[in-house]
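File shown here: model_12.cif, holding mmCIF, C-alpha atoms and all ligand atoms.
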```cif
data_target
#
loop_
_atom_site.label_atom_id
_atom_site.label_comp_id
_atom_site.auth_asym_id
_atom_site.auth_seq_id
_atom_site.Cartn_x
_atom_site.Cartn_y
_atom_site.Cartn_z
CA MET A 1 74.31 361.93 235.15
CA ARG A 2 71.34 359.88 234.01
CA LEU A 3 71.83 358.02 230.77
CA PHE A 4 68.33 356.59 230.39
CA ALA A 5 64.98 357.33 231.97
CA THR A 6 63.91 353.70 231.54
CA LEU A 7 65.47 350.62 230.02
CA THR A 8 63.36 348.13 228.04
CA LEU A 9 64.48 344.52 228.51
CA SER A 10 64.24 341.74 225.91
CA ASP A 11 61.02 340.38 227.50
CA GLY A 12 59.39 343.78 227.14
CA SER A 13 59.55 344.64 230.84
CA ARG A 14 60.90 348.00 231.88
CA LEU A 15 63.56 348.84 234.37
CA LYS A 16 64.01 352.19 236.00
CA ALA A 17 67.11 353.06 237.98
CA ASP A 18 69.36 355.99 238.73
CA PHE A 19 72.37 354.25 237.21
CA TYR A 20 72.93 351.23 234.99
CA VAL A 21 76.00 349.01 234.80
CA PHE A 22 76.39 347.05 231.56
CA ALA A 23 78.77 344.21 232.47
CA CYS A 24 78.53 342.49 229.10
CA GLY A 25 82.16 341.47 228.67
CA PRO A 26 83.18 340.88 225.05
CA TRP A 27 79.72 341.82 223.79
CA LEU A 28 80.07 345.45 224.91
CA GLY A 29 81.44 346.62 221.56
CA GLN A 30 78.43 345.21 219.69
CA LEU A 31 76.00 346.62 222.23
CA PHE A 32 77.52 350.08 222.13
CA PRO A 33 79.14 350.38 218.71
CA VAL A 34 79.60 354.14 218.95
CA THR A 35 80.80 354.56 222.53
CA VAL A 36 82.72 351.29 222.89
CA GLY A 37 83.08 349.79 219.40
CA ASP A 38 86.59 348.52 218.78
CA LEU A 39 87.87 349.55 222.20
CA ILE A 40 87.05 345.99 223.25
CA ARG A 41 88.30 343.37 220.82
CA SER A 42 87.66 339.68 221.43
CA THR A 43 90.39 337.34 220.32
CA LYS A 44 90.56 333.60 220.49
CA GLN A 45 92.74 331.78 223.02
CA ASP A 46 92.35 328.09 223.72
CA ILE A 47 92.40 326.64 227.20
CA PHE A 48 92.74 323.01 228.22
CA PHE A 49 91.92 321.12 231.38
CA PHE A 50 93.89 317.95 232.00
CA GLY A 51 92.48 315.45 234.46
CA PRO A 52 95.20 313.98 236.72
CA PRO A 53 94.70 310.38 237.83
CA ALA A 54 92.38 309.93 240.81
CA GLY A 55 94.25 310.57 244.06
CA ASP A 56 97.14 312.38 242.35
CA SER A 57 97.49 315.65 244.25
CA ARG A 58 100.57 317.03 242.44
CA PHE A 59 98.38 319.45 240.47
CA THR A 60 96.25 320.84 243.27
CA ASP A 61 96.84 324.32 244.64
CA GLU A 62 98.51 322.93 247.77
CA HIS A 63 101.35 321.62 245.62
CA LEU A 64 101.54 323.78 242.52
CA PRO A 65 101.44 327.57 242.12
CA VAL A 66 99.77 329.45 239.30
CA TRP A 67 102.56 329.90 236.74
CA GLY A 68 103.34 331.79 233.57
CA ASP A 69 105.92 331.03 230.91
CA HIS A 70 106.84 334.09 228.85
CA GLY A 71 108.54 333.04 225.65
CA LYS A 72 107.62 333.50 222.02
CA ARG A 73 104.16 332.55 223.21
CA PHE A 74 102.70 333.11 226.65
CA PHE A 75 101.56 329.99 228.43
CA TYR A 76 100.07 329.93 231.88
CA GLY A 77 98.64 327.26 234.13
CA ILE A 78 96.34 327.08 237.11
CA PRO A 79 96.32 324.09 239.43
CA GLY A 80 93.06 322.50 240.45
CA SER A 81 90.79 325.10 238.87
CA ASP A 82 87.83 324.25 241.07
CA ARG A 83 88.35 320.53 240.51
CA ARG A 84 88.03 320.86 236.75
CA GLY A 85 91.57 319.57 236.38
CA PHE A 86 94.94 321.12 235.75
CA LYS A 87 94.50 324.09 233.43
CA VAL A 88 97.01 325.00 230.73
CA ALA A 89 96.36 327.89 228.38
CA ASP A 90 98.16 329.67 225.60
CA ASP A 91 97.38 333.33 226.17
CA THR A 92 99.05 334.56 222.98
CA ARG A 93 96.55 336.88 221.33
CA GLY A 94 94.70 334.88 218.70
CA GLU A 95 92.51 335.78 215.79
CA ALA A 96 89.50 338.06 216.17
CA PHE A 97 86.59 336.14 217.68
CA ASP A 98 82.84 336.65 217.57
CA PRO A 99 81.65 335.84 221.13
CA THR A 100 78.16 334.96 219.86
CA ASN A 101 78.77 332.81 216.79
CA GLY A 102 82.50 332.07 216.88
CA ASP A 103 83.74 328.49 216.55
CA GLU A 104 84.73 327.46 220.08
CA SER A 105 86.56 324.30 219.08
CA SER A 106 90.29 324.37 219.76
CA ALA A 107 92.97 324.76 217.15
CA ASP A 108 95.11 321.64 216.70
CA ASP A 109 98.36 323.52 217.19
CA ALA A 110 97.12 325.12 220.42
CA GLU A 111 96.35 321.70 221.86
CA ALA A 112 99.74 320.38 220.77
CA HIS A 113 101.48 323.35 222.42
CA SER A 114 99.59 322.87 225.66
CA ARG A 115 100.44 319.16 225.75
CA ILE A 116 104.13 319.97 225.31
CA CYS A 117 103.83 322.52 228.08
CA ARG A 118 102.05 320.08 230.37
CA SER A 119 104.68 317.42 229.73
CA ARG A 120 107.31 319.71 231.33
CA PHE A 121 105.45 319.26 234.61
CA LEU A 122 105.16 315.52 234.33
CA ARG A 123 108.87 314.82 234.14
C1 LIG A 201 87.39 329.92 228.68
C2 LIG A 201 87.79 330.99 229.65
C3 LIG A 201 88.49 330.67 230.80
C4 LIG A 201 88.86 331.65 231.70
N1 LIG A 201 89.55 331.30 232.81
C5 LIG A 201 89.83 332.24 233.74
C6 LIG A 201 90.48 331.87 234.95
O1 LIG A 201 90.80 330.71 235.18
N2 LIG A 201 90.74 332.85 235.85
C7 LIG A 201 90.40 334.14 235.63
O2 LIG A 201 90.62 334.99 236.49
N3 LIG A 201 89.78 334.51 234.49
C8 LIG A 201 89.50 333.58 233.55
N4 LIG A 201 88.88 333.94 232.40
C9 LIG A 201 88.57 335.35 232.20
C10 LIG A 201 87.28 335.68 232.93
O3 LIG A 201 86.31 334.69 232.65
C11 LIG A 201 86.79 337.04 232.44
O4 LIG A 201 87.81 337.98 232.66
C12 LIG A 201 85.55 337.43 233.20
O5 LIG A 201 84.56 336.45 233.07
C13 LIG A 201 85.05 338.74 232.65
O6 LIG A 201 83.87 339.03 233.38
P1 LIG A 201 82.80 340.00 232.82
O7 LIG A 201 81.69 340.00 233.83
O8 LIG A 201 83.44 341.30 232.46
O9 LIG A 201 82.29 339.38 231.44
P2 LIG A 201 81.61 337.96 231.14
O10 LIG A 201 81.98 336.92 232.15
O11 LIG A 201 81.92 337.68 229.70
O12 LIG A 201 80.07 338.24 231.33
C14 LIG A 201 79.34 339.02 230.40
C15 LIG A 201 77.88 338.61 230.55
O13 LIG A 201 77.06 339.53 229.82
C16 LIG A 201 76.01 338.79 229.24
N5 LIG A 201 75.45 339.56 228.13
C17 LIG A 201 76.05 339.88 226.94
N6 LIG A 201 75.22 340.60 226.16
C18 LIG A 201 74.08 340.74 226.87
C19 LIG A 201 72.84 341.40 226.62
N7 LIG A 201 72.59 342.06 225.47
N8 LIG A 201 71.88 341.34 227.56
C20 LIG A 201 72.09 340.67 228.71
N9 LIG A 201 73.24 340.04 229.02
C21 LIG A 201 74.22 340.07 228.11
C22 LIG A 201 76.65 337.47 228.80
O14 LIG A 201 75.68 336.47 228.63
C23 LIG A 201 77.56 337.22 230.00
O15 LIG A 201 76.89 336.47 231.00
C24 LIG A 201 88.51 332.99 231.46
C25 LIG A 201 87.79 333.32 230.31
C26 LIG A 201 87.43 332.35 229.42
C27 LIG A 201 86.65 332.71 228.17
#
```
How does the structure come out when it is put into structure tokens?
Ligand SMILES: Cc1cc2nc3c(=O)[nH]c(=O)nc-3n(C[C@H](O)[C@H](O)[C@H](O)COP(=O)(O)OP(=O)(O)OC[C@H]3O[C@@H](n4cnc5c(N)ncnc54)[C@H](O)[C@@H]3O)c2cc1C
Amino acid sequence: MRLFATLTLSDGSRLKADFYVFACGPWLGQLFPVTVGDLIRSTKQDIFFFGPPAGDSRFTDEHLPVWGDHGKRFFYGIPGSDRRGFKVADDTRGEAFDPTNGDESSADDAEAHSRICRSRFLR
């Protein structure tokens, strides 16, 4: 089924196709308030990347699996993360978040939690 004959882009140009895929992640609800609306809700979760000392390979994917820690909160970690460091995140659903204008700075308690979590691996 065709949804649109043509699609007008933000620069005024027009696109014509048989089908369109809108892969707009957390913005989908705002783009399609009637069809998607609240079906997609963005919430805030903080993530942290810790840089191991140069030459320390304990946190690369050869030596550490991806892990999850299901407790009152849900922490997970990813080694290496494309050389961005050792990732630790608290995936507990946070407050509602506006993906366009939301404050992306981390909450103090989230950082404290992730440091505690990381310290378990440094024993
Ligand atoms: C900080 C962070 C870390 C993550 N880490 C991991 C990880 O380590 N591993 C993992 O598997 N997943 C991770 N994820 C989750 C992963 O990034 C998402 O699941 C994935 O990116 C979703 O892809 P998507 O294409 O659906 O949406 P998105 O990646 O959000 O892409 C949506 C795109 O649509 C564009 N867009 C929005 N509105 C419009 C518009 N009106 N016109 C044109 N373009 C528009 C946006 O600019 C954006 O580029 C992470 C997410 C975040 C936020």
Handout entry: Test item: residues lying within 9 Å of ligand LIG 201 (chain A) with all atoms listed in the file, as a PyMOL selection string
Key = chain A and resi 9-10+22-28+30-31+44-48+77-78+81+87+89+99-100
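You will find atom CA of Asp98 of chain A at 6.9 Å from atom CA of Ser42 of chain A.
Across the structure, atom CA of Lys16 of chain A and atom CA of Gly37 of chain A are spaced 25.4 Å apart.
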Practice task
For Trp67 of chain A, list every protein, DNA or RNA residue within 12 Å, evaluated using all atoms listed in the file, and leave out those in the same chain fewer than 6 positions away; present the list as an MDAnalysis selection string.
Solution key: chainID A and resid 59 61 74:79 86:90 117:118 121
Problem - Gap from atom CA of Gly51 of chain A to atom CA of Ser105 of chain A - Å, one decimal - result: 18.7 Å
Exercise for the section: Name all residues at most 12 Å from Arg58 of chain A (count only C-alpha atoms; drop same-chain ones fewer than 2 positions away) and give them as a VMD selection string. Expected result: chain A and resid 51 to 56 60 to 65 79 to 80 85 to 86 121 to 123
Practice task
Identify which of the residues A:Ser13, A:Thr6, A:Ser57, A:Thr43 lies closest to Asp103 of chain A, counting all atoms listed in the file when measuring atom-to-atom distances.
Solution key: A:Thr43
For the point (96.7, 343.5, 219.0) in file coordinates, what residues are within 10 Å, counting all atoms listed in the file? Give the answer as a PDB file with C-alpha atoms, in the frame of the given file?
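Done, and the output landed in part.pdb:
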```
ATOM      1  CA  ARG A  41      88.300 343.370 220.820  1.00  0.00           C
ATOM      2  CA  THR A  43      90.390 337.340 220.320  1.00  0.00           C
ATOM      3  CA  ARG A  93      96.550 336.880 221.330  1.00  0.00           C
ATOM      4  CA  GLY A  94      94.700 334.880 218.700  1.00  0.00           C
ATOM      5  CA  GLU A  95      92.510 335.780 215.790  1.00  0.00           C
ATOM      6  CA  ALA A  96      89.500 338.060 216.170  1.00  0.00           C
TER       7      ALA A  96
END
```
Practice task
Could you tell me which of A:Arg84, A:Asp91, A:Leu39, A:Ala17 comes closest to His70 of chain A if we count all atoms listed in the file?
Solution key: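 Nearest to His70 of chain A: A:Asp91.
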